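Step one of this worksheet: look at the structure below.
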Amino acid sequence: MSTQPVSQSLQRRSSRTVPAAATSLVLLVLAGLAIWGAVAYLAGGAWPGFIVASGDAVRGLTWNNPGVWAVSVVALLAGVFLLFAAVLPGRRTGAAITGSSSTGLTETVISRRGLARLAAAHADQTDGVESSSATASGKSVSVVVSTSLNEPGSLSRDIKESLEEKFRTVGLTPTPRVSVRVRSSG
Amino acid sequence: MRETAGRLNRAWLAVIAVVLLLAGGAGVLLASGLGKDLAAAANLALVPAAPENPVFAGPPLDAVSNPVGAALILAGAALIALLALSWLGAQIPRRHQASTLRLHSDHGRDGYTRCEPRVVADAVAHEVEALPGVTSASALIRGSANQPELNLDVKVEDRADIQDVISRINGEVTANLETALEVPLRKVAVLFNISTQRGNDKAAVL
């Protein structure tokens, strides 16, 4: 019997759904046009108008034609973009939490959105903060707070230290890097 | 909790990227004349086309304007369309829930005991939702009756003691599930999210 879990890790890298869906749609459209043309030829003995027009357009093209240059460069750029999408790891879906009762069979993760909400809610409780918002990756959290204080003083440092302590208490491993920006509305 | 086709996507994106890079690279080398220079420098027997040469030797449609050519195009395009459709369908996140749990032993000599994983998952979710600080929870059972895996999606308040929730899930919830299924869990995965709602707090007006 297999000893490997069937479930994917919760803390996985980006699955590249958007470039995959876009690429598969392009392939589907091109294949659809080719099927349409082939069926029309087999049924009626003649290619559809748009295929005949395309054939006439490329007849006589030389390799140094600007159109050939353009298609080649676009293909190169698209290849580079897709290769980066395939190879680069991308952002993780969440941050790992280590609990005192964690075992090798347990995986506990907080989502990026959850981490951002936690940071914003915690920063909101700081004296002098009117409102706060946060964004998070798996490794870092950026918080922007608004305050009516004319001189925020050490507010940014206080919030940063408080958040780092909160993340240690929650058990985030490793503790995300925290950056705090204070906007004074006073 | 739903799973995505990350590995499949990256594999196919890499294959298509290599094809595009080769085609685009070949086009640039031939259009610029570098291909001819490189082949001459490497003493290759193959002589690439010069930049002023035509891309197609004759009308491009002539080669396939016959029943065999059109049939080949139809077959190839149909294959690509099916693969592309299958790839597109794989983008839908899947639950991969376990099928009906067969809890009987000895090949059912004393009778068959079957349980839908949804029943077990709902019971686990209710138990988790009763924990302090938890606003909502959903559970998913994967694997099989002999090697079950528990996936939990837990929403907690921002003030909740997450370590306490983790400790209770590992100590009580999973223990109860293992007792019910009579086997240890192969994996427990818990995904936390922070809810903007308050949980079971009730305000008392004095």
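We name chains A, B, ... following the order of the structure tokens; residues begin at 1 in each chain, and ligands are numbered from 1 as shown.
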Leaving out segment 91-95 of chain B and any residue of its chain fewer than 3 positions from it, which residues lie within 12 Å of it when counting only C-alpha atoms, given as a PyMOL selection string?
(chain A and resi 6-8+15-25) or (chain B and resi 1-9+84-88+98-99+118+139-143+151)
So that each row is one residue of chain B with an atom at most 7 Å from chain A, can you give its shortest atom pair and the distance in Å to one decimal, using only C-alpha atoms, rows by chain and rising number, as a tab-separated table?
residue	atom	partner	partner_atom	distance
B:Glu3	CA	A:Gln8	CA	6.8
B:Thr4	CA	A:Ser15	CA	6.5
B:Ala5	CA	A:Ser15	CA	6.4
B:Gly6	CA	A:Ser15	CA	3.8
B:Asn9	CA	A:Ala20	CA	5.8
B:Arg10	CA	A:Ala86	CA	4.4
B:Ala11	CA	A:Ala86	CA	6.9
B:Leu13	CA	A:Ala86	CA	5.6
B:Ala14	CA	A:Leu83	CA	5.4
B:Ala17	CA	A:Gly79	CA	4.1
B:Val18	CA	A:Gly79	CA	6.5
B:Leu20	CA	A:Gly79	CA	4.9
B:Leu21	CA	A:Gly79	CA	4.9
B:Gly24	CA	A:Ser72	CA	4.2
B:Gly25	CA	A:Leu76	CA	6.4
B:Gly27	CA	A:Ser72	CA	5.1
B:Val28	CA	A:Ser72	CA	5.8
B:Leu30	CA	A:Trp63	CA	6.3
B:Ala31	CA	A:Asn64	CA	4.3
B:Ser32	CA	A:Asn64	CA	6.6
B:Pro51	CA	A:Trp63	CA	4.8
B:Glu52	CA	A:Thr62	CA	5.5
B:Asn53	CA	A:Thr62	CA	5.4
B:Pro54	CA	A:Thr62	CA	4.0
B:Val55	CA	A:Thr62	CA	5.3
B:Phe56	CA	A:Arg59	CA	6.9
B:Pro59	CA	A:Arg59	CA	5.7
B:Pro60	CA	A:Gly55	CA	6.1
B:Leu61	CA	A:Gly55	CA	6.2
B:Pro67	CA	A:Leu42	CA	6.3
B:Ala70	CA	A:Ala38	CA	5.1
B:Ala71	CA	A:Ala38	CA	6.9
B:Ile73	CA	A:Ala38	CA	6.4
B:Leu74	CA	A:Ile35	CA	5.2
B:Ala77	CA	A:Ala31	CA	4.8
B:Ala78	CA	A:Ile35	CA	6.7
B:Ile80	CA	A:Ala31	CA	6.3
B:Ala81	CA	A:Leu28	CA	5.1
B:Ala84	CA	A:Ser24	CA	4.9
B:Leu85	CA	A:Leu28	CA	6.8
B:Trp87	CA	A:Ser24	CA	6.5
B:Leu88	CA	A:Ala21	CA	5.7
B:Gln91	CA	A:Thr17	CA	6.2
B:Gly143	CA	A:Val6	CA	6.4
B:Asp158	CA	A:Leu118	CA	5.6
B:Ile162	CA	A:Val170	CA	6.0
B:Gln163	CA	A:Val170	CA	6.1
B:Ile166	CA	A:Gly99	CA	6.7
B:Ser167	CA	A:Ser101	CA	6.1
B:Asn170	CA	A:Ser101	CA	6.8
B:Arg186	CA	A:Leu105	CA	6.6
B:Lys187	CA	A:Leu105	CA	4.8
B:Val188	CA	A:Thr106	CA	4.7
B:Ala189	CA	A:Glu107	CA	4.6
B:Val190	CA	A:Thr108	CA	4.7
B:Leu191	CA	A:Val109	CA	5.0
B:Phe192	CA	A:Ile110	CA	4.5
B:Asn193	CA	A:Gly114	CA	4.3
B:Ile194	CA	A:Gly114	CA	4.7
Can you measure atom CA of His126 of chain B to atom CA of Arg114 of chain B for me? One decimal in Å is fine.
21.1 Å
Check chain B with DSSP on the backbone and list each residue it calls alpha helix (DSSP H), as a CSV table (one decimal) with C-alpha atoms, in the first residue's frame.
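Result saved to states.csv:
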chain,number,residue,atom,x,y,z
B,6,GLY,CA,0.3,22.7,-11.1
B,7,ARG,CA,2.7,20.0,-12.4
B,8,LEU,CA,0.7,19.4,-15.6
B,9,ASN,CA,0.6,23.1,-16.4
B,10,ARG,CA,4.3,23.6,-15.8
B,11,ALA,CA,5.3,20.6,-17.9
B,12,TRP,CA,3.2,21.6,-20.9
B,13,LEU,CA,4.1,25.2,-20.7
B,14,ALA,CA,7.8,24.2,-20.8
B,15,VAL,CA,7.2,21.9,-23.8
B,16,ILE,CA,5.3,24.7,-25.7
B,17,ALA,CA,8.0,27.2,-24.7
B,18,VAL,CA,10.8,25.1,-26.1
B,19,VAL,CA,8.9,24.7,-29.4
B,20,LEU,CA,8.2,28.4,-29.7
B,21,LEU,CA,11.9,29.2,-28.8
B,22,LEU,CA,13.1,26.9,-31.5
B,23,ALA,CA,10.7,28.2,-34.1
B,24,GLY,CA,11.3,31.8,-33.2
B,25,GLY,CA,15.1,31.3,-33.0
B,26,ALA,CA,15.2,29.6,-36.4
B,27,GLY,CA,13.1,32.3,-37.9
B,28,VAL,CA,15.4,35.1,-36.6
B,29,LEU,CA,18.5,33.2,-37.7
B,30,LEU,CA,17.2,32.7,-41.2
B,31,ALA,CA,15.8,36.2,-41.6
B,32,SER,CA,19.0,37.8,-40.5
B,34,LEU,CA,23.1,34.5,-39.3
B,35,GLY,CA,22.0,30.9,-39.9
B,36,LYS,CA,23.9,30.7,-43.1
B,37,ASP,CA,27.0,32.3,-41.5
B,38,LEU,CA,26.9,29.9,-38.6
B,39,ALA,CA,26.5,26.9,-40.8
B,40,ALA,CA,29.4,28.0,-43.0
B,41,ALA,CA,31.6,28.6,-39.9
B,67,PRO,CA,-7.8,14.3,-49.7
B,68,VAL,CA,-4.9,12.7,-47.9
B,69,GLY,CA,-3.4,16.1,-46.9
B,70,ALA,CA,-6.7,17.4,-45.7
B,71,ALA,CA,-7.4,14.2,-43.8
B,72,LEU,CA,-4.0,14.4,-42.1
B,73,ILE,CA,-4.7,18.1,-41.1
B,74,LEU,CA,-8.1,17.0,-39.8
B,75,ALA,CA,-6.6,14.2,-37.7
B,76,GLY,CA,-3.7,16.4,-36.3
B,77,ALA,CA,-6.0,19.3,-35.5
B,78,ALA,CA,-8.6,17.0,-33.8
B,79,LEU,CA,-5.8,15.5,-31.6
B,80,ILE,CA,-4.6,19.0,-30.7
B,81,ALA,CA,-8.1,20.2,-30.0
B,82,LEU,CA,-8.8,17.2,-27.7
B,83,LEU,CA,-5.5,17.7,-25.8
B,84,ALA,CA,-6.2,21.4,-25.5
B,85,LEU,CA,-9.7,20.8,-24.3
B,86,SER,CA,-8.5,18.2,-21.8
B,87,TRP,CA,-5.8,20.7,-20.5
B,88,LEU,CA,-8.4,23.4,-20.2
B,89,GLY,CA,-10.7,21.1,-18.2
B,117,PRO,CA,-17.1,10.4,3.4
B,118,ARG,CA,-19.4,13.4,3.4
B,119,VAL,CA,-21.0,12.1,6.6
B,120,VAL,CA,-17.7,11.8,8.4
B,121,ALA,CA,-16.5,15.2,7.0
B,122,ASP,CA,-19.6,17.0,8.2
B,123,ALA,CA,-19.2,15.6,11.7
B,124,VAL,CA,-15.6,16.7,11.9
B,125,ALA,CA,-16.5,20.2,10.6
B,126,HIS,CA,-19.2,20.5,13.3
B,127,GLU,CA,-16.8,19.5,16.0
B,128,VAL,CA,-14.2,22.0,14.7
B,129,GLU,CA,-16.8,24.8,14.5
B,162,ILE,CA,-4.5,29.8,16.7
B,163,GLN,CA,-2.1,27.6,18.6
B,164,ASP,CA,-5.0,26.5,20.9
B,165,VAL,CA,-7.2,25.7,17.9
B,166,ILE,CA,-4.3,23.6,16.4
B,167,SER,CA,-3.7,21.9,19.7
B,168,ARG,CA,-7.4,21.0,20.0
B,174,THR,CA,-8.3,13.9,14.9
B,175,ALA,CA,-8.3,11.5,17.8
B,176,ASN,CA,-12.1,11.2,17.6
B,177,LEU,CA,-11.9,10.7,13.9
B,178,GLU,CA,-9.3,8.0,14.3
B,179,THR,CA,-11.5,6.3,16.9
B,180,ALA,CA,-14.4,6.4,14.5
B,181,LEU,CA,-12.5,5.0,11.5
Excluding Ala160 of chain B and residues on its chain fewer than 6 positions from it, collect all residues at most 10 Å away from it, counting only C-alpha atoms, and give them as an MDAnalysis selection string.
(chainID A and resid 170) or (chainID B and resid 132:135 194 199)
Using only C-alpha atoms, which residues sit within 10 Å of Pro152 of chain A once same-chain residues fewer than 2 positions away are excluded, as a PyMOL selection string?
chain A and resi 128-129+146-150+154-156+182-184+186
Quick one: distance from atom CA of Thr100 of chain B to atom CA of Glu182 of chain B in Å, one decimal?
15.9 Å
